[in-house]
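J.: Once you've had a glance at the structure underneath, I'll fire off some questions.
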Amino acid sequence: MNGTQDSSSAASAQRQVRVQLVSKQEDIALPENTGPILVPTGLRRYALSTLVNNLLANDKPVPFEFLINGAFLRTSIDEYLTANGISAETTLEIEYIRALIPPLHIASFEHDDWVSAVDVLSATSSAASWASSSISPGQERILSASYDGLLRVWNMSSQIVATSPSAVDGGHSASIKAAKFLSPNSIVSAGLDRTVRLWKYAESEDGFSGKIAPQLELYGHKSGINSLAVHAPSNRILTASSDHAVGFWSAKKSDAPAAPENLLPSAASRNSKRRKLNSSISTPQRGPLALLSSHTAPVSAAIFDAKDSTVGYSTSWDHTLRTWDLVTAALVDTRSTSHSLLSLEHLPEHHLLATGTSARHITLIDPRVSATTISAMTLRGHTNAVVSLSRDPHSSYGLISGSHDGTCRIWDIRATKTDKDGVVGESVYSITRKSLEEAGKADAKRVGGEGVKVFGVCWDRSVGIVSAGEDKRIQINRGEGVLSSA
Amino acid sequence: MVASAGSKKRKAVTRDVEEEAGAFSGDELAGDLNGALSDSANDLSSDEDDSEVELVDEFSSDEDDDEEEELDSDEIPSDGEDAVKKNSAKLTAAPADDESSGDEAEVNFRIEKDANGNDRYVYDEINPDDNSDYSDIDEDSNTIGNIPLSFYDQYPHIGYDINGKKIMRPATGEALDALLDSIEIPKGFTGLTDPSTGKPLELSQDELELLRKVQMNEIPEDGYNPYEPLMEWFTTEKEVMPLSAAPEPKRRFLPSKHEAKRVMKLVKAIREGRILPYKPPSEQEEEDKDLIKYDLWADEEERPDHIMHVPAPKLPPPGYEESYHPPPEYLPDQKERKTWEQADPEDREREYLPTDFGSLRKVPGYGEFVKEKFERCLDLYLAPRVRRSKLNIDPESLLPKLPSPEELKPFPSMCATVFRGHKGRVRSIAVDPTGVWLATAGDDGTVRVWELLTGRQLWSVQLSDEDAVNVVRWRPGKDAVVLAAAAGDDLYLMVPSILDPELEQASLELLDAGWGYAASKPAPSAAEEGKKTPPQWIRPSSALTDSGVCAVIPLRYVAKSISWHRRGDYFVTVCPGASTPASVAVAIHTVSKHLTQYPFSRRIKGGGPPQTAHFHPSKPILFVANQRTVRGYDLSRQLLVKIVQPGARWISSFDIHPTSSTASGGDNLIVGSYDRRLLWHDLELSQRPYKTLRYHRKAIRAVKFHPSGRYPLFADASDDGSLQIFHGSVTGDMLSNASIVPLKVLKGHKITGELGVLDIDWHPREAWCVSAGADGTCRLWM
């Protein structure tokens with residue numbers, strides 16, 4: 001027995017391949033150029049990781065992932081070579097990166113009602129970077145928008161720093177569907193009451209109490225607003241509404257045109273009770289800079305181009321992704337898919353737009369006019385509509401998605417395989433809701449993610465993955481090892 | 001060739017005249033023989049004529065013999081014949097001969113004394129000379145003429161020859177035998193005279209032996225061995241190499257022209273009918289006439305087979321195991337033999353045990369023979385044989401080629417959202433025309449509006465505390481948002497407060513416009529009032545007004561079905577209750593005029609109260625279903641235009657295909673029934689269903705087409721807790737029928753109180769569908 005094993009292992013060990021190990025990250029680069037190394041082809045990820053750790057002479061081994069030609073090594077090198085028809089005599093260039101640590105649950109913040117959206121204010125968040133204000137570690141804030149019509153700002157120790165005023169005091173009169181920090185001291189929110197509201201956020205000195213005060217009300221949409229995007233340097237806001245329009249707004253009172261009269265709540269003269277609901281506090285009311293209406297179904301998401309704030313993208317239930325020139329409010333391009341699109345995120349380094357569909361997958365679309373194929377890649381794994389997407393702050397290849405199936409999934413667009421539907425990606429990790437585990441039903445199959453639907457997800461470099469959902473919680477997860485070394 | 005030519009010639013001569021010869025030389029082959037033998041045969045026959053058979057064959061052979069002899073004498077005068085004749089003459093006319101030899105005188109008479117001493121002139125026999133015409137008269141021939149020979153039976157003679165002498169009766173068999181027996185013939189007697197010695201010729205022993213050998217077909221020569229060992233001249237072995245290397249002469253390869261000519265000659269003769277290649281087989285049958293045959297089936301007429309006639313099945317041919325000496329693998333081993341012997345004869349797989357007898361002569365008599373034949377006869381006689389038209393068709397090939405569901409995507413396949421909130425059953429569900437909201441109504445008396453995707457309840461109204469809300473429907477069209485609901489005896493028109501001010505205003509105005517019209521209308525006269533008073537629309541109570549209800553129609557009966565006209569100005573309600581008078585069961589309501597009308601004054605024929613009603617999507621036709629039929633009425637002309645008879649016992653719901661009567665398709669209808677059937681009707685084809693789908697275990701509650709033409713989908717909801725999604729594409733081509741493919745069974749609703757899924761609806765644009773369950777939940781499937 002032993003003899004045969006030895007001989008077989010010897011036979012496999014005989015095949016060797018020259019590999020060139022490289023890394024793009026400075027801190028884990030090999031000390032000197034080691035040149036090509038001869039390794040047995042039977043090696044898998046773990047053995048290669050040990051090898052790199054030895055080469056780096058790390059005291060504490062760091063798990064690595066290995067990329068060959070832009071795709072993760074998921075098999076042995078031998079199988080990879082066979083599958084791709086590469087000769088073992090060539091020198092393989094293998095890029096190694098830190099492996100993602102399974103994200104660990106950090107905390108959950110409980111709400112009174114479903115939480116529809118979250119945003120993070122931290123040193124690395126876009127709002128802070130736009131304002132070039134520094135937020136010290138530990139002073140990060142998490143903004144949550146809830147279906148009860150209230151915005152809440154949390155500190156990292158699960159305390160509510162501030163809550164937005166109720167409808168009577170100038171708050172949202174219906175559920176809030178989207179909220180974002182525009183700057184460390186201003187917040188934008190929008191919801192089913194068809195308004196976009198700009199809030200002034202102020203904190204006391206100790207940072208344990210704050211105030212969210214209405215600053216501006218923007219009218220223009222005729223139906224509920226599903227999502228919004230902000231661009232602070234230009235003070236611009238994009239909203240996506242169920243009235244088939246994309247709203248383009250200015251966050252500055254002076255820039256914004258007057259609000260359309262017919263859409264103001266006072267126009268509704270139906271009954272006395274509703275009038276009573278109208279706020280006693282008068283807030284300036286403004287209208288949209290432009291309503292971009294060419295979608296034929298509710299618009300689900302609208303974002304700014306990550307590099308060029310004059311370009312906007314929007315997705316709609318009419319299966320299209322449209323590119324807008326925001327300066328002229330003109331439609332530039334339309335990309336039609338075969339499913340309703342429910343969420344949108346830009347991956348600027350790869351010129352791709354990730355969009356979540358009602359058909360339970362994420363489609364990566366190249367929005368450039370020159371692109372010939374509409375769908376560059378499909379990420380499959382969710383079991384319900386994908387309604388929220390966020391970029392990985394650590395990697396330009398990473399992506400997180402929140403779905404109505406009650407999970408958030410981390411994707412790497414390099415971890416792909418090709419099947420009959422084209423290039424298909426699989427999720428790297430799946431984050432389930434902590435509330436299910438606490439209820440002892442983690443393994444119970446939820447039909448359509450009932451009760452644990454994820455409505456919003458946000459991935460911040462310093463805070464981690466923040467997701468909100470139907471379980472009335474914000475859940476924070478963090479890949480510990482990655483973040484500590486970052 | 002010469003012989004055959006001779007025979008031919010002979011045939012040509014004798015064909016007409018000579019029947020006997022013709023009969024003998026009937027066939028071509030035998031002709032040669034006959035031709036060769038005919039002379040001797042005739043001779044023999046003439047022999048017989050003269051000697052023995054004269055008595056019998058006198059008449060028949062007279063003429064023939066004469067002619068024959070003439071012919072023969074013309075050709076070949078034969079010595080033997082004359083000799084025999086002379087012999088016979090000697091036998092018959094011996095005394096006369098003696099007399100004639102004695103008379104030789106100048107005159108041709110002499111005078112003799114008779115017994116009385118008187119002179120008696122005795123004339124010589126006339127001896128005709130060569131000049132006589134009768135030169136060759138047969139002196140011995142009988143001259144009695146054409147009278148039966150039996151006249152002479154009592155005389156010793158049988159007639160007279162030409163000289164008037166009696167021809168004595170020849171000695172009969174016994175006398176002849178006695179004579180021959182009396183003569184002792186020495187050994188070697190030949191009866192011939194040796195011409196050299198003049199003594200009687202006698203054969204020696206050697207000569208007799210030689211004759212015997214010749215007769216016995218033996219080789220006469222002594223000491224000749226016919227079986228001497230073969231001395232091979234060269235060799236009998238077949239040599240591989242030829243003796244000479246000379247090439248085969250060319251003539252061996254060329255077909256002979258001479259033979260071809262001859263063959264062609266023959267072929268030509270056959271074609272022209274000069275040669276008959278095969279003898280017609282008729283003459284054989286004429287033989288054996290004395291053998292009497294009874295043809296049992298002589299007058300048998302051929303009958304056509306009876307249509308039910310089945311020929312008896314043939315027994316299969318015997319196999320190896322039935323052999324008397326089967327191969328060893330067919331022989332039973334000890335165990336098999338034992339089980340066979342122990343089994344009941346009826347249970348045995350076969351009735352015999354393969355046995356090896358070694359050789360055929362060891363096979364004993366078969367004891368079961370009679371029994372087996374009897375059973376076989378019984379089988380043939382008694383077995384009922386029925387002609388079954390067996391279709392030899394592969395059942396797989398009969399199945400229609402359905403596309404796989406994968407190709408027909410998208411269609412709803414998973415539950416995406418569960419809507420919880422209703423207490424008790426959810427009876428009705430509807431997606432609004434924009435596809436954003438979902439309205440549901442249930443047993444708890446509430447109407448609720450939900451956000452479709454997330455399942456968030458946005459609005460609700462408590463219409464009734466005790467009565468269930470039976471049905472809720474959105475008004476079609478996007479210019480205003482109005483919900484119509486039926487709870488208890490009343491209908492409610494609502495504007496949910498989820499709208500933007502402008503749209504809300506438009507909706508409210510739409511509903512409010514009718515108040516003025518209704519008020520301006522003259523009050524119904526007393527006579528009309530007596531018949532049936534259409535209900536007056538009333539304003540709801542303030543509590544209801546605050547929650548969004550704008551108008552109430554007191555119908556006085558429980559409405560279970562609401563269906564809007566596509567323009568949004570009319571809707572039709574049906575009160576299917578048994579207590580509802582037939583005239584008010586169906587009502588059409590005009591929103592803009594706040595007017596309720598009853599289009600039918602009498603009960604709709606053909607089964608029970610009306611169940612549900614829908615407007616045709618493009619034509620001014622109202623379809624009303626009662627328990628068994630669906631009828632289409634042209635409202636403008638007040639005519640019944642269509643009757644559909646699904647054949648279901650109790651129709652629960654029906655739906656009209658959205659592209660009906662447009663360019664892309666004719667009228668298509670699906671009908672669901674409480675007796676578990678889903679029926680597809682093509683109204684162009686027939687009143688009867690084009691397809692009947694029975695896939696549910698329990699009653700079908702609701703059926704619905706996808707409202708947009710984009711997805712050719714339809715779904716049904718059943719009490720067994722499942723929805724079924726079908727692909728039913730309707731083409732504009734009149735020749736091709738709709739193809740229906742079952743796509744998906746959606747399970748999830750729990751069966752509560754025997755009820756499963758009560759209502760379904762489709763998203764107006766997407767291939768999403770929603771269902772309302774008796775378990776208090778609604779589900780979005782996508």
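Residues are referred to by chain and number: the chain letter is A, B, ... according to the order shown in the structure tokens, the number counts from 1 in that chain, and ligands are numbered separately from 1 in the order shown.
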Which residues of chain A have any atom within 8 Å of an atom in chain B when counting only C-alpha atoms, and what is the closest pair of atoms for each, with the distance in Å to one decimal? Order the rows by chain and rising number and write it as CSV.

T.:
residue,atom,partner,partner_atom,distance
A:Asp193,CA,B:Asp500,CA,8.0
A:Arg194,CA,B:Asp500,CA,7.3
A:Lys222,CA,B:Asp500,CA,5.3
A:Ser223,CA,B:Asp500,CA,6.2
A:Ser242,CA,B:Val436,CA,7.4
A:Asn262,CA,B:Glu502,CA,6.1
A:Leu263,CA,B:Pro501,CA,5.6
A:Leu264,CA,B:Pro501,CA,7.2
A:Pro265,CA,B:Pro501,CA,6.5
A:Ala267,CA,B:Pro501,CA,6.1
A:Ala268,CA,B:Pro501,CA,4.9
A:Arg270,CA,B:Gln505,CA,7.8
A:Asn271,CA,B:Asp546,CA,6.5
A:Lys273,CA,B:Asp546,CA,7.4
A:Ala297,CA,B:Thr434,CA,7.8
A:Pro298,CA,B:Val436,CA,7.8
A:Ser340,CA,B:Glu766,CA,7.8
A:Ser358,CA,B:Met782,CA,7.5
A:Ala359,CA,B:Met782,CA,7.4
A:Asn384,CA,B:Ala416,CA,5.9
A:Ala385,CA,B:Ala416,CA,7.3
A:His404,CA,B:Ala416,CA,7.5
A:Asp405,CA,B:Ala416,CA,7.9
A:Val447,CA,B:Cys415,CA,6.4
A:Gly448,CA,B:Ala416,CA,4.4
A:Gly449,CA,B:Thr417,CA,7.5
A:Glu450,CA,B:Val418,CA,6.3

J.: Please list as a PyMOL selection string every residue within 10 Å of Pro496 of chain B, counting only C-alpha atoms and excluding residues in the same chain fewer than 3 positions away.

T.: chain B and resi 439+447-449+458-461+481-483+493+499+504+507+547-550

J.: Any idea what's packed within 12 Å of segment 55-60 of chain A, counting only C-alpha atoms, ignoring anything in its chain fewer than 2 positions away? Could you give it as a list in words?

T.: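 So the residues in contact are Leu21, Val22, Ser23, Asp27, Ile28, Ala29, Leu30, Pro31, Glu32, Asn33, Thr34, Ile37, Leu48, Ser49, Thr50, Leu51, Val52, Asn53, Val62, Pro63, Phe64, Gly481 and Ser485 of chain A.
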
J.: Quick one: residues within 10 Å of Ala245 of chain A, only C-alpha atoms counted, chain neighbours fewer than 5 positions away excluded, as a PyMOL selection string?

T.: chain A and resi 220-223+225+239-240+290-300+314+316

J.: Please provide as a PyMOL selection string all residues within 12 Å of His231 of chain A, with the sequence filter that same-chain residues fewer than 3 positions apart are discarded (counting only C-alpha atoms).

T.: chain A and resi 126-131+180-183+187-188+228+234-239+248-252+302-312

J.: In Å, rounded to a single decimal, give me how far atom CA of Leu276 of chain B is from atom CA of Val263 of chain B.

T.: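 The value is 14.7 Å.
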
J.: Which neighbours of Ile474 of chain A fall inside 9 Å, counting only C-alpha atoms, when residues of the same chain fewer than 4 positions from it are skipped, and could you give them as a compact mmCIF listing (two decimals) with N, CA and C atoms, in the first residue's frame?

T.:
# COMPACT_ATOMS: atom_id res chain seq x y z
N ALA A 107 -21.93 43.49 15.12
CA ALA A 107 -22.99 44.05 15.96
C ALA A 107 -24.27 44.14 15.16
N SER A 108 -25.37 44.26 15.88
CA SER A 108 -26.64 44.50 15.23
C SER A 108 -27.34 45.63 15.98
N PHE A 109 -27.86 46.58 15.23
CA PHE A 109 -28.57 47.70 15.85
C PHE A 109 -30.05 47.50 15.57
N GLU A 110 -30.83 47.51 16.62
CA GLU A 110 -32.25 47.19 16.46
C GLU A 110 -33.07 48.44 16.23
N HIS A 111 -34.06 48.31 15.36
CA HIS A 111 -34.94 49.42 15.01
C HIS A 111 -36.36 49.06 15.37
N VAL A 115 -35.74 48.44 8.15
CA VAL A 115 -34.71 49.40 7.79
C VAL A 115 -34.48 49.28 6.29
N VAL A 118 -28.93 52.08 4.50
CA VAL A 118 -27.88 52.46 5.45
C VAL A 118 -26.81 53.24 4.70
N SER A 144 -29.23 55.25 9.21
CA SER A 144 -30.19 54.24 8.77
C SER A 144 -31.51 54.93 8.45
N VAL A 466 -22.16 46.91 6.27
CA VAL A 466 -23.34 47.28 7.03
C VAL A 466 -24.54 46.96 6.16
N SER A 467 -25.44 46.16 6.68
CA SER A 467 -26.61 45.81 5.90
C SER A 467 -27.85 46.00 6.76
N ALA A 468 -28.93 46.34 6.07
CA ALA A 468 -30.18 46.63 6.77
C ALA A 468 -31.28 45.83 6.11
N GLY A 469 -32.29 45.52 6.90
CA GLY A 469 -33.31 44.68 6.29
C GLY A 469 -34.61 44.64 7.04

J.: One decimal, Å: what's the distance from atom CA of Pro40 of chain A over to atom CA of Gly70 of chain A, could you say?

T.: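 Interatomic distance, atom CA of Pro40 of chain A to atom CA of Gly70 of chain A: 21.2 Å.
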
J.: Using only C-alpha atoms, which residues sit within 9 Å of Tyr598 of chain B once same-chain residues fewer than 5 positions away are excluded, as an NGL selection string?

T.: :B and (532 or 534 or 583-589)

J.: Could you give me, as number ranges by chain, each residue of segment 103-312 of chain A that DSSP assigns to alpha helix (DSSP H) when run on this structure's backbone?

T.: A: 126-131, 272-277

J.: Would you compute the distance between atom CA of Val770 of chain B and atom CA of Asp148 of chain A? Give it in Å to one decimal.

T.: 25.6 Å

J.: Using DSSP on the backbone, list every residue of segment 417-455 of chain B that comes out as strand (DSSP E), and give them as a ChimeraX atom specification.

T.: /B:417-420,426-431,437-442,446-451
